[in-house]
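As stored in my_file.json (JSON, C-alpha atoms and all ligand atoms):
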```json
[["chain", "number", "residue", "atom", "x", "y", "z"],
["S", 1308, "MET", "CA", -14.43, -9.32, 11.02],
["S", 1309, "LEU", "CA", -11.29, -9.53, 8.96],
["S", 1310, "LYS", "CA", -8.60, -11.83, 10.34],
["S", 1311, "ILE", "CA", -5.06, -10.50, 10.12],
["S", 1312, "THR", "CA", -1.81, -12.21, 11.04],
["S", 1313, "CYS", "CA", 1.19, -9.98, 11.68],
["S", 1314, "PRO", "CA", 4.20, -11.34, 9.75],
["S", 1315, "VAL", "CA", 6.58, -9.75, 12.28],
["S", 1316, "CYS", "CA", 5.34, -11.04, 15.67],
["S", 1317, "GLY", "CA", 2.78, -13.62, 14.58],
["S", 1318, "LEU", "CA", -0.19, -11.96, 16.31],
["S", 1319, "GLY", "CA", -3.41, -13.20, 14.73],
["S", 1320, "ALA", "CA", -6.47, -11.10, 15.52],
["S", 1321, "ASP", "CA", -9.40, -9.13, 14.13],
["S", 1322, "GLU", "CA", -8.68, -6.01, 12.09],
["S", 1323, "THR", "CA", -9.69, -3.87, 15.10],
["S", 1324, "GLU", "CA", -6.33, -4.79, 16.66],
["S", 1325, "PHE", "CA", -4.54, -3.28, 13.64],
["S", 1326, "THR", "CA", -4.50, 0.12, 11.92],
["S", 1327, "ALA", "CA", -4.85, 0.48, 8.17],
["S", 1328, "GLY", "CA", -2.21, 2.68, 6.54],
["S", 1329, "GLY", "CA", -3.52, 2.90, 2.99],
["S", 1330, "GLU", "CA", -1.89, 1.92, -0.27],
["S", 1331, "ALA", "CA", 1.56, 0.38, -0.01],
["S", 1332, "HIS", "CA", 4.65, 0.90, -2.12],
["S", 1333, "ILE", "CA", 4.13, 4.64, -2.74],
["S", 1334, "VAL", "CA", 7.48, 6.02, -3.88],
["S", 1335, "ARG", "CA", 8.42, 9.66, -3.28],
["S", 1336, "PRO", "CA", 9.64, 11.39, -6.46],
["S", 1337, "ALA", "CA", 13.43, 11.38, -6.26],
["S", 1338, "SER", "CA", 15.65, 14.00, -7.71],
["S", 1339, "THR", "CA", 19.02, 15.53, -6.99],
["S", 1340, "ASP", "CA", 17.41, 18.82, -8.00],
["S", 1341, "PRO", "CA", 14.09, 19.19, -6.11],
["S", 1342, "GLU", "CA", 13.21, 22.28, -8.15],
["S", 1343, "ASN", "CA", 12.76, 20.02, -11.18],
["S", 1344, "ILE", "CA", 10.14, 17.74, -9.63],
["S", 1345, "SER", "CA", 6.92, 18.56, -11.41],
["S", 1346, "ASP", "CA", 3.86, 19.68, -9.48],
["S", 1347, "GLU", "CA", 1.94, 16.82, -11.07],
["S", 1348, "ALA", "CA", 4.46, 14.23, -9.84],
["S", 1349, "PHE", "CA", 4.33, 15.57, -6.29],
["S", 1350, "ARG", "CA", 0.52, 15.83, -6.37],
["S", 1351, "ASP", "CA", 0.34, 12.20, -7.47],
["S", 1352, "TYR", "CA", 2.73, 11.20, -4.68],
["S", 1353, "LEU", "CA", 0.65, 12.97, -2.04],
["S", 1354, "TYR", "CA", -2.92, 12.40, -3.19],
["S", 1355, "VAL", "CA", -3.42, 10.04, -6.12],
["S", 1356, "ARG", "CA", -4.06, 6.44, -5.16],
["S", 1357, "ASP", "CA", -5.11, 3.37, -7.06],
["S", 1358, "ASN", "CA", -8.54, 2.00, -6.27],
["S", 1359, "PRO", "CA", -8.51, -1.46, -7.81],
["S", 1360, "ARG", "CA", -11.39, -3.87, -7.79],
["S", 1361, "GLY", "CA", -9.41, -6.93, -6.87],
["S", 1362, "LEU", "CA", -5.99, -7.45, -5.36],
["S", 1363, "ALA", "CA", -4.30, -4.48, -3.73],
["S", 1364, "HIS", "CA", -1.15, -3.95, -1.67],
["S", 1365, "GLU", "CA", -1.86, -2.25, 1.65],
["S", 1366, "LEU", "CA", 0.07, -1.01, 4.68],
["S", 1367, "TRP", "CA", -1.06, -2.17, 8.13],
["S", 1368, "LEU", "CA", 0.21, -1.37, 11.62],
["S", 1369, "CYS", "CA", 0.31, -4.06, 14.32],
["S", 1370, "ALA", "CA", -1.09, -1.57, 16.85],
["S", 1371, "ARG", "CA", -1.77, -3.99, 19.72],
["S", 1372, "GLY", "CA", 1.20, -6.27, 19.14],
["S", 1373, "CYS", "CA", 4.74, -5.44, 18.10],
["S", 1374, "GLY", "CA", 3.96, -1.92, 16.81],
["S", 1375, "LYS", "CA", 5.58, -2.59, 13.43],
["S", 1376, "TRP", "CA", 4.21, -1.78, 9.99],
["S", 1377, "PHE", "CA", 3.79, -4.58, 7.47],
["S", 1378, "HIS", "CA", 2.31, -5.16, 4.03],
["S", 1379, "ALA", "CA", -0.80, -7.09, 3.13],
["S", 1380, "VAL", "CA", -2.39, -8.17, -0.12],
["S", 1381, "ARG", "CA", -6.16, -7.90, 0.09],
["S", 1382, "ASP", "CA", -8.93, -8.51, -2.40],
["S", 1383, "THR", "CA", -10.92, -5.27, -2.30],
["S", 1384, "TYR", "CA", -13.98, -7.03, -3.72],
["S", 1385, "SER", "CA", -14.25, -9.92, -1.25],
["S", 1386, "HIS", "CA", -12.16, -8.22, 1.52],
["S", 1387, "GLU", "CA", -10.22, -11.47, 1.86],
["S", 1388, "PHE", "CA", -6.55, -11.12, 2.80],
["S", 1389, "LYS", "CA", -4.35, -13.16, 0.48],
["S", 1390, "MET", "CA", -0.97, -12.71, 2.19],
["S", 1391, "PHE", "CA", 1.02, -10.71, 4.70],
["S", 1392, "TYR", "CA", 4.68, -9.81, 4.35],
["S", 1393, "LYS", "CA", 7.30, -7.68, 6.10],
["S", 1394, "LEU", "CA", 8.37, -4.26, 4.85],
["S", 1395, "SER", "CA", 11.79, -5.75, 4.05],
["S", 1396, "ASP", "CA", 10.30, -8.45, 1.83],
["S", 1397, "PRO", "CA", 10.11, -7.80, -1.93],
["S", 1398, "LYS", "CA", 6.78, -6.74, -3.41],
["S", 1399, "PRO", "CA", 5.01, -9.85, -4.72],
["S", 1400, "GLN", "CA", 3.76, -9.69, -8.27],
["S", 1401, "LEU", "CA", -0.02, -9.93, -8.55],
["S", 1402, "ASN", "CA", -2.45, -10.60, -11.33],
["S", 1403, "LEU", "CA", -4.38, -7.36, -10.96],
["S", 1404, "THR", "CA", -7.91, -7.27, -12.29],
["S", 1405, "LYS", "CA", -7.50, -3.61, -13.20],
["S", 1406, "LYS", "CA", -4.49, -2.06, -14.84],
["S", 1407, "PRO", "CA", -2.83, 0.44, -12.44],
["S", 1408, "ARG", "CA", -3.27, 4.09, -13.28],
["S", 1409, "ALA", "CA", -0.21, 5.63, -14.85],
["S", 1410, "ARG", "CA", 1.57, 8.10, -12.61],
["S", 1411, "ALA", "CA", 3.15, 11.33, -13.81],
["S", 1412, "LYS", "CA", 6.89, 11.40, -14.38],
["S", 1413, "ALA", "CA", 9.02, 12.30, -11.36],
["S", 1414, "ALA", "CA", 10.88, 15.13, -13.03],
["S", 1415, "LYS", "CA", 10.43, 17.44, -15.96],
["S", 1416, "SER", "CA", 12.76, 16.74, -18.83],
["S", 1501, "ZN", "ZN", 3.11, -7.61, 15.18]]
```

Step by step, read the file and then write its structure as structure tokens.
Ligand SMILES: [Zn+2]
Amino acid sequence: MLKITCPVCGLGADETEFTAGGEAHIVRPASTDPENISDEAFRDYLYVRDNPRGLAHELWLCARGCGKWFHAVRDTYSHEFKMFYKLSDPKPQLNLTKKPRARAKAAKS
């Protein structure tokens, strides 16, 4: 069992009390002219995810506690959680073992 501690309400429990939400910090392509967002940029936003061997930012839902989403940093190799932080907290910088895949540009130029 993976032990998770919610940074919002402090609930500490097995991962079965929480719901995984996938990769964190996915940013929707922004544009004042949506017609100029490339298909590749929107495809990447919807479907392309990093799959690092090592530290990864993840979204988790405190399903049995406060019902709030929060972020976690987990080692995908050992499954060990390194830290938990609120959505309002800044993204911590990690020493990733794998360089993140480059994403397509948000808009055609
Ligand atoms: Zn909670």

CA of Gly1329 (chain S) sits from CA of His1364 (chain S) at a separation of 8.6 Å

Can I get the residues close to ligand ZN 1501 (chain S) as an MDAnalysis selection string, where close means within 9 Å and we count all atoms listed in the file? chainID S and resid 1312:1319 1325 1368:1377

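Ranking S:Gly1361, S:Ser1385, S:Leu1309, S:Lys1398 by their shortest atom-to-atom distance to Ile1333 (chain S), with all atoms listed in the file included, puts S:Lys1398 first.
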
Tell me, in Å to one decimal, how far CA of Arg1360 (chain S) is from CA of Gln1400 (chain S).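 Value for the CA of Arg1360 (chain S)-CA of Gln1400 (chain S) distance: 16.2 Å.
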
So which residues touch Glu1330 (chain S) within 9 Å, counting all atoms listed in the file, skipping near sequence neighbours fewer than 3 positions away, as a count of residues only?
-> 8

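Atom pair CA of Ile1311 (chain S) / CA of Val1355 (chain S): separated by 26.2 Å.
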
Using all atoms listed in the file, the residue out of S:Met1390, S:Arg1335, S:Ala1320, S:Lys1310 with shortest distance to Tyr1354 (chain S) is S:Arg1335

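Those residues that approach Val1334 (chain S) to within 12 Å, counting only C-alpha atoms, are Glu1330, Ala1331, His1332, Pro1336, Ala1337, Ala1348, Phe1349, Asp1351, Tyr1352, Leu1353, Val1355, Arg1356, Arg1410, Lys1412 and Ala1413 of chain S; same-chain residues fewer than 2 positions away are not listed.
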